[in-house]
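What follows is the content of my_file-v6.txt, which has compact mmCIF, C-alpha atoms:
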# COMPACT_ATOMS: atom_id res chain seq x y z
CA MET A 20 7.02 -45.29 4.78
CA GLY A 21 7.30 -41.89 6.42
CA MET A 22 6.68 -38.42 5.14
CA LEU A 23 10.39 -37.72 4.71
CA ASP A 24 10.96 -40.79 2.56
CA ARG A 25 7.96 -39.91 0.44
CA MET A 26 9.21 -36.37 -0.14
CA SER A 27 12.66 -37.62 -1.09
CA THR A 28 11.26 -40.24 -3.46
CA ILE A 29 9.08 -37.70 -5.23
CA VAL A 30 11.93 -35.23 -5.68
CA LYS A 31 14.24 -38.00 -6.93
CA SER A 32 11.72 -39.15 -9.50
CA LYS A 33 11.62 -35.59 -10.88
CA VAL A 34 15.40 -35.56 -11.03
CA ASN A 35 15.55 -38.91 -12.84
CA LYS A 36 13.11 -37.65 -15.43
CA LEU A 37 15.55 -34.88 -16.27
CA LEU A 38 18.56 -37.19 -16.30
CA GLY A 39 16.86 -39.48 -18.78
CA LYS A 40 16.09 -36.63 -21.14
CA PHE A 41 19.43 -36.50 -22.99
CA GLU A 42 21.86 -39.17 -24.04
CA ASP A 43 24.89 -36.99 -23.59
CA PRO A 44 25.16 -35.73 -19.99
CA ARG A 45 26.90 -32.61 -21.31
CA GLU A 46 23.62 -31.63 -22.93
CA THR A 47 21.87 -32.23 -19.64
CA LEU A 48 24.32 -29.80 -18.02
CA ASP A 49 23.52 -27.05 -20.51
CA TYR A 50 19.81 -27.72 -20.40
CA SER A 51 19.80 -27.66 -16.62
CA TYR A 52 21.72 -24.39 -16.62
CA GLN A 53 19.08 -22.80 -18.85
CA MET A 54 16.37 -23.97 -16.47
CA GLN A 55 18.26 -22.50 -13.55
CA LEU A 56 18.52 -19.11 -15.21
CA GLU A 57 14.79 -19.20 -15.91
CA ALA A 58 14.04 -20.17 -12.33
CA LEU A 59 16.21 -17.30 -11.11
CA GLN A 60 14.20 -14.88 -13.25
CA LYS A 61 10.98 -16.33 -11.86
CA VAL A 62 12.14 -15.89 -8.28
CA LYS A 63 13.10 -12.29 -9.03
CA ARG A 64 9.66 -11.66 -10.50
CA GLY A 65 8.12 -13.34 -7.47
CA VAL A 66 9.96 -10.97 -5.12
CA ALA A 67 8.76 -7.98 -7.19
CA ASP A 68 5.15 -9.26 -7.15
CA VAL A 69 5.10 -9.72 -3.42
CA THR A 70 6.61 -6.25 -2.93
CA THR A 71 3.93 -4.69 -5.15
CA SER A 72 1.13 -6.46 -3.29
CA LYS A 73 2.54 -5.31 0.00
CA LYS A 74 2.78 -1.71 -1.20
CA ARG A 75 -0.82 -1.81 -2.28
CA LEU A 76 -1.93 -2.99 1.14
CA GLU A 77 0.19 -0.29 2.77
CA LEU A 78 -1.55 2.35 0.68
CA GLN A 79 -4.89 0.97 1.79
CA LYS A 80 -3.70 1.07 5.34
CA ALA A 81 -2.83 4.77 5.06
CA LYS A 82 -6.25 5.46 3.57
CA LEU A 83 -7.99 3.53 6.32
CA GLU A 84 -6.10 5.42 9.01
CA GLN A 85 -7.06 8.70 7.39
CA ASN A 86 -10.72 7.69 7.37
CA ILE A 87 -10.55 6.58 10.99
CA ASN A 88 -9.19 10.00 11.99
CA LYS A 89 -11.85 11.75 9.98
CA LEU A 90 -14.61 9.75 11.66
CA SER A 91 -13.19 10.64 15.09
CA GLU A 92 -13.30 14.30 14.15
CA GLN A 93 -16.85 13.99 12.89
CA ALA A 94 -17.99 12.26 16.07
CA ARG A 95 -16.50 15.07 18.16
CA GLU A 96 -18.11 17.73 16.02
CA ALA A 97 -21.49 16.00 16.19
CA LEU A 98 -21.33 15.84 19.98
CA LYS A 99 -20.45 19.55 20.18
CA ILE A 100 -23.76 20.41 18.54
CA GLY A 101 -25.66 17.88 20.59
CA ARG A 102 -26.22 15.31 17.84
CA GLU A 103 -25.45 12.11 19.72
CA ASP A 104 -27.14 10.01 17.04
CA LEU A 105 -24.64 11.23 14.43
CA ALA A 106 -21.73 10.78 16.80
CA ARG A 107 -22.78 7.20 17.41
CA LEU A 108 -23.04 6.52 13.69
CA ALA A 109 -19.54 7.90 13.12
CA LEU A 110 -18.10 5.81 15.96
CA GLU A 111 -19.79 2.66 14.68
CA ARG A 112 -18.18 3.13 11.28
CA LYS A 113 -14.89 3.90 12.91
CA LYS A 114 -15.04 0.62 14.82
CA GLN A 115 -15.67 -1.30 11.61
CA LEU A 116 -12.68 0.33 9.95
CA GLU A 117 -10.50 -0.37 12.96
CA LEU A 118 -11.27 -4.06 12.63
CA GLU A 119 -10.31 -3.89 8.96
CA LEU A 120 -7.09 -2.15 9.89
CA GLU A 121 -6.21 -4.93 12.28
CA SER A 122 -6.60 -7.65 9.68
CA LEU A 123 -4.76 -5.49 7.15
CA ASN A 124 -1.80 -5.23 9.48
CA GLN A 125 -1.76 -8.98 9.78
CA GLN A 126 -1.77 -9.42 6.01
CA ILE A 127 1.04 -6.93 5.57
CA GLY A 128 3.03 -8.93 8.11
CA GLU A 129 2.40 -12.16 6.19
CA LEU A 130 3.53 -10.60 2.93
CA GLN A 131 6.65 -9.24 4.62
CA LYS A 132 7.54 -12.76 5.72
CA GLU A 133 6.94 -14.08 2.22
CA GLN A 134 9.11 -11.33 0.77
CA ASP A 135 11.96 -12.14 3.17
CA LYS A 136 11.71 -15.83 2.38
CA LEU A 137 11.76 -15.32 -1.38
CA SER A 138 14.66 -12.88 -1.15
CA ALA A 139 16.63 -15.50 0.77
CA THR A 140 15.72 -18.09 -1.89
CA GLU A 141 16.89 -15.74 -4.61
CA LYS A 142 20.21 -15.22 -2.88
CA ARG A 143 20.75 -18.92 -2.29
CA LEU A 144 19.79 -19.82 -5.83
CA SER A 145 22.01 -17.22 -7.48
CA THR A 146 25.01 -18.46 -5.47
CA LYS A 147 24.20 -22.00 -6.51
CA VAL A 148 23.68 -21.15 -10.17
CA GLU A 149 27.02 -19.38 -10.24
CA ALA A 150 28.72 -22.39 -8.64
CA PHE A 151 27.03 -24.65 -11.17
CA ARG A 152 28.18 -22.53 -14.10
CA THR A 153 31.83 -22.88 -13.06
CA LYS A 154 31.51 -26.57 -12.30
CA LYS A 155 29.69 -27.28 -15.55
CA GLU A 156 32.60 -26.04 -17.66
CA THR A 157 35.14 -28.06 -15.66
CA LEU A 158 33.03 -31.19 -16.00
CA LYS A 159 32.56 -30.72 -19.72
CA ALA A 160 36.30 -30.29 -20.21
CA GLN A 161 37.17 -33.57 -18.47
CA TYR A 162 34.07 -35.39 -19.58
CA SER A 163 35.76 -38.36 -21.22
CA ALA A 164 36.84 -39.70 -17.86
CA ALA A 165 34.37 -42.14 -16.34
CA GLU A 166 34.76 -40.41 -13.03
CA ALA A 167 33.57 -37.17 -14.55
CA GLN A 168 30.39 -38.85 -15.75
CA VAL A 169 29.54 -39.81 -12.21
CA LYS A 170 30.20 -36.25 -11.13
CA VAL A 171 27.92 -34.91 -13.85
CA THR A 172 25.09 -37.08 -12.57
CA GLU A 173 25.71 -35.99 -9.01
CA THR A 174 25.84 -32.33 -9.88
CA ILE A 175 22.69 -32.48 -11.99
CA SER A 176 20.90 -34.34 -9.22
CA GLY A 177 21.92 -31.75 -6.66
CA ILE A 178 20.90 -28.78 -8.74
CA SER A 179 17.63 -30.40 -9.86
CA GLU A 180 16.68 -30.93 -6.27
CA GLU A 181 17.26 -27.23 -5.71
CA MET A 182 15.08 -26.46 -8.74
CA SER A 183 12.23 -28.53 -7.33
CA ASP A 184 12.50 -26.64 -4.08
CA VAL A 185 12.59 -23.25 -5.77
CA GLY A 186 9.70 -24.24 -8.04
CA LEU A 187 7.55 -25.02 -5.03
CA ALA A 188 8.56 -21.79 -3.28
CA ILE A 189 7.55 -19.76 -6.34
CA GLN A 190 4.25 -21.59 -6.61
CA ARG A 191 3.52 -20.94 -2.94
CA ALA A 192 4.38 -17.25 -3.26
CA GLU A 193 2.15 -16.89 -6.31
CA GLU A 194 -0.78 -18.45 -4.47
CA LYS A 195 -0.29 -16.10 -1.55
CA THR A 196 -0.05 -12.95 -3.69
CA GLU A 197 -3.18 -13.96 -5.62
CA ASP A 198 -4.98 -14.43 -2.34
CA MET A 199 -3.84 -11.02 -1.10
CA LYS A 200 -4.84 -9.34 -4.35
CA ALA A 201 -8.38 -10.66 -3.95
CA ARG A 202 -8.54 -9.44 -0.36
CA ALA A 203 -7.16 -6.03 -1.31
CA ALA A 204 -9.79 -5.68 -4.03
CA ALA A 205 -12.53 -6.56 -1.54
CA LEU A 206 -11.19 -3.94 0.84
CA ASP A 207 -11.13 -1.31 -1.89
CA GLU A 208 -14.80 -1.98 -2.43
CA LEU A 209 -15.56 -1.64 1.24
CA GLN A 210 -13.74 1.69 1.36
CA GLU A 211 -15.83 2.93 -1.53
CA PHE A 212 -19.28 1.81 -0.46
CA GLY A 213 -19.30 1.14 3.23
CA THR A 214 -17.78 4.36 4.24
CA LEU A 215 -17.01 7.81 3.34
CA GLU A 216 -16.67 9.54 0.07
CA ASP A 217 -19.94 10.14 -1.67
CA LEU A 218 -19.03 10.20 -5.35
CA ALA A 219 -21.45 13.01 -6.25
CA GLY A 220 -20.58 15.62 -3.66
CA GLY A 221 -17.38 14.26 -2.23
CA LYS A 222 -19.10 14.23 1.14
CA ASP A 223 -20.54 11.44 3.17
CA GLN A 224 -23.81 11.19 4.98
CA ILE A 225 -22.46 12.29 8.34
CA GLU A 226 -20.71 15.26 6.80
CA ARG A 227 -23.91 16.28 5.03
CA GLU A 228 -25.95 16.05 8.24
CA LEU A 229 -23.39 18.13 10.09
CA GLU A 230 -23.43 20.71 7.36
CA LYS A 231 -27.19 20.86 7.46
CA VAL A 232 -27.02 21.55 11.19
CA ARG A 233 -24.27 24.15 10.68
CA VAL A 234 -26.17 25.93 7.91
CA GLY A 235 -29.33 25.72 9.98
CA SER A 236 -27.78 27.39 12.98
CA GLU A 237 -26.11 30.05 10.85
CA VAL A 238 -29.48 30.82 9.27
CA ASP A 239 -30.99 30.92 12.74
CA SER A 240 -28.46 33.40 14.02
CA GLU A 241 -28.68 35.56 10.96
CA LEU A 242 -32.44 35.49 11.23
CA GLU A 243 -32.10 36.53 14.85
CA LYS A 244 -29.82 39.39 13.83
CA LEU A 245 -32.28 40.54 11.21
CA LYS A 246 -35.12 40.40 13.70
CA GLN A 247 -33.17 42.66 16.06
CA GLU A 248 -32.43 45.13 13.24
CA VAL A 249 -36.07 45.23 12.18
CA LYS A 250 -37.14 45.76 15.78
CA ARG A 251 -34.73 48.69 16.17
CA ALA A 252 -35.87 50.34 13.00
CA MET B 21 23.96 -36.46 6.35
CA ILE B 22 22.32 -33.69 4.37
CA VAL B 23 18.78 -32.55 5.00
CA ARG B 24 16.78 -30.14 2.88
CA ILE B 25 13.91 -28.18 4.35
CA MET B 26 11.75 -27.19 1.40
CA GLY B 27 11.92 -23.43 1.02
CA GLU B 28 14.71 -23.03 3.57
CA GLY B 29 17.77 -24.63 2.05
CA GLN B 30 20.05 -27.53 3.05
CA PHE B 31 21.61 -28.44 6.39
CA VAL B 32 24.29 -30.84 7.59
CA VAL B 33 22.90 -33.08 10.35
CA SER B 34 24.33 -35.70 12.67
CA SER B 35 22.89 -39.21 12.63
CA ALA B 36 21.65 -38.68 16.19
CA LEU B 37 19.58 -35.76 15.01
CA LEU B 38 18.33 -37.82 12.10
CA ASP B 39 16.99 -40.40 14.55
CA ARG B 40 15.00 -37.72 16.31
CA LEU B 41 13.66 -36.49 12.99
CA ASN B 42 12.51 -40.02 12.22
CA GLU B 43 10.62 -40.16 15.51
CA ILE B 44 8.73 -36.98 14.66
CA ASP B 45 8.23 -38.29 11.15
CA ASN B 46 6.32 -41.29 12.52
CA LYS B 47 4.06 -38.97 14.48
CA ILE B 48 3.41 -36.89 11.36
CA VAL B 49 2.30 -39.98 9.48
CA GLU B 50 -0.11 -40.83 12.31
CA GLU B 51 -1.62 -37.35 12.22
CA VAL B 52 -1.99 -37.43 8.44
CA ASN B 53 -3.83 -40.76 8.75
CA ARG B 54 -6.07 -39.27 11.43
CA GLY B 55 -6.71 -36.27 9.20
CA ASN B 56 -5.58 -33.86 11.91
CA GLU B 57 -4.07 -30.97 9.96
CA GLU B 58 -3.35 -28.79 12.96
CA ARG B 59 -1.37 -31.47 14.81
CA MET B 60 0.41 -32.45 11.59
CA ARG B 61 1.59 -28.87 11.09
CA GLU B 62 2.60 -28.61 14.73
CA MET B 63 4.81 -31.68 14.38
CA LEU B 64 6.20 -30.43 11.10
CA ARG B 65 7.05 -27.07 12.63
CA GLU B 66 8.74 -28.84 15.52
CA MET B 67 10.80 -30.91 13.09
CA ILE B 68 11.85 -27.85 11.08
CA ALA B 69 12.69 -25.86 14.20
CA LEU B 70 14.82 -28.76 15.47
CA VAL B 71 16.88 -28.87 12.28
CA LYS B 72 17.33 -25.11 12.20
CA ARG B 73 18.38 -25.09 15.83
CA GLU B 74 20.80 -28.00 15.82
CA ALA B 75 22.10 -28.43 12.29
CA ILE B 76 24.63 -26.41 10.33
CA PRO B 77 23.43 -24.70 7.14
CA LEU B 78 25.16 -26.04 4.03
CA ASN B 79 27.17 -23.49 2.07
CA PRO B 80 24.87 -22.53 -0.85
CA GLY B 81 27.86 -22.78 -3.21
CA GLU B 82 27.92 -26.56 -2.69
CA ILE B 83 25.84 -28.63 -5.06
CA LEU B 84 24.83 -31.81 -3.28
CA THR B 85 21.80 -34.08 -3.14
CA SER B 86 20.00 -34.44 0.17
CA ASP B 87 19.56 -37.68 2.07
CA VAL B 88 16.32 -36.45 3.53
CA ILE B 89 13.81 -33.86 2.33
CA ILE B 90 11.43 -32.16 4.74
CA PRO B 91 8.20 -30.71 3.30
CA PRO B 92 7.47 -26.97 3.66
CA LYS B 93 6.07 -25.84 7.01
CA ASP B 94 2.80 -24.62 5.47
CA LEU B 95 2.05 -28.10 4.07
CA LYS B 96 -1.67 -28.74 3.77
CA LEU B 97 -3.27 -32.01 4.80
CA GLU B 98 -4.45 -32.49 1.22
CA GLU B 99 -0.88 -32.14 -0.02
CA ALA B 100 0.43 -34.52 2.60
CA LYS B 101 -2.10 -37.12 1.45
CA ARG B 102 -1.15 -36.55 -2.17
CA THR B 103 2.47 -37.11 -1.23
CA PHE B 104 1.54 -40.50 0.19
CA THR B 105 -0.28 -41.50 -2.96
CA GLY B 106 2.82 -40.60 -4.96
CA ALA B 107 1.52 -37.52 -6.73
CA GLY B 108 3.38 -35.15 -4.45
CA ILE B 109 3.39 -31.36 -4.38
CA ILE B 110 6.43 -30.55 -6.48
CA PRO B 111 5.62 -28.57 -9.64
CA ASP B 112 7.08 -29.73 -12.96

Hey, can you dump this file as structure tokens for me?
Amino acid sequence: MGMLDRMSTIVKSKVNKLLGKFEDPRETLDYSYQMQLEALQKVKRGVADVTTSKKRLELQKAKLEQNINKLSEQAREALKIGREDLARLALERKKQLELELESLNQQIGELQKEQDKLSATEKRLSTKVEAFRTKKETLKAQYSAAEAQVKVTETISGISEEMSDVGLAIQRAEEKTEDMKARAAALDELQEFGTLEDLAGGKDQIERELEKVRVGSEVDSELEKLKQEVKRA
Amino acid sequence: MIVRIMGEGQFVVSSALLDRLNEIDNKIVEEVNRGNEERMREMLREMIALVKREAIPLNPGEILTSDVIIPPKDLKLEEAKRTFTGAGIIPD
């Protein structure tokens, strides 16, 4: 038996479980409709979750880019005052952040795809739920006819298959957002410790070194000025 | 014939296309048995691309059961194996 047959069998067994739940197929129609509305809510929440995760990563991206620019500036400044060691340190950190940025871009792309897919699912499902709602009332009205009973079964089967599909899509999206959340948290940590802002002074090591050099040379020149004044006097 | 690609909706396919899907299906089973996830996914992607390219999407307002159901393209080897044991990947 192939993969396709297996998938179909598994979906059908889920559908049959639902069909066996009520004696009166009209109850099954109402019950199924409730499940569809719930599924639609879940898909909507899924879309919102993915969008939030993506926004968070985009914020991190902006922060990373800012830090990369800052490190470039610091490297340039360090070179100007002849501190190649500091410039190298800044460039090394910059490289690390650039690698992070690359993988972040990839993750944002993945979430975008997931968002598009879920939005399409939402659209498809809401069309289907609306069609079901109309059909359900017609079927209930003519239920006594044997033919209608067959149609009820067919309709329920069709919509239940859709529900299985949507259920899996939601599950997949949830897994992916959880995964992204974990990665985003790890990245937040890296931004805090591995790089720039020193919590106490709001300045990082490179910035402090540069300042030391700056202050040092200002002191030197002022000292020089004083010396000249003293000499003249 | 109606084919559902999990996560992508339903499509109307010709029986000629269905034959080609069955051919790929056999290859997928082989790869699952070999435990080759990468090749399995490759075949699955090929199958899904083929349907999307050559079949007509079913109007979402139609409520019909599918003759064939294709697993999602990010199917894991573990899930494929579970499908063969009957447990499947569909949530309740």

Output the contact residues of chain B with respect to chain A at a cut-off of 10 Å, based on only C-alpha atoms, as a ChimeraX atom specification.
/B:23-30,41-50,52,64,79-92,94,100-101,103-112

Rank B:Leu95, B:Ile22, B:Ile76, B:Ala69 by their smallest atom-to-atom distance to B:Ser35, using all atoms listed in the file, and report the top residue only.
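Nearest to B:Ser35: B:Ile22.
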
If we count only C-alpha atoms and set the cut-off at 12 Å, which residues sit around stretch 75-90 of chain A, ignoring sequence neighbours fewer than 4 positions away in its own chain? Please answer as a ChimeraX atom specification.
/A:68-71,94-97,105-131,196,199-211,213-216,222-226

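The two atoms in question, atom CA of B:Leu97 and atom CA of B:Glu58, are spaced 8.8 Å apart.
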
Identify, on the basis of all atoms listed in the file, every residue whose closest approach to B:Lys93 does not exceed 8 Å; exclude the query and any residue fewer than 3 positions from it along the same chain; express the result as an MDAnalysis selection string.
chainID B and resid 61 64:65 68

One decimal, Å: what's the distance from atom CA of A:Lys159 over to atom CA of A:Ser51, could you say?
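Going from atom CA of A:Lys159 over to atom CA of A:Ser51 covers 13.5 Å.
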
For B:Ser34, the nearest of the candidates B:Glu66, B:Arg73, B:Met21, B:Asn56, counting all atoms listed in the file:
B:Met21

Edge lengths and centre in Å to one decimal, as AutoDock Vina command-line options, is what I'm after for the box along x, y and z that holds all listed atoms of stretch 104-107 of chain B once 6 Å is added on each side.
--center_x 1.3 --center_y -39.5 --center_z -3.3 --size_x 15.1 --size_y 16.0 --size_z 18.9

How many Å lie between atom CA of B:Gly55 and atom CA of A:Glu133, rounded to one decimal?
27.0 Å
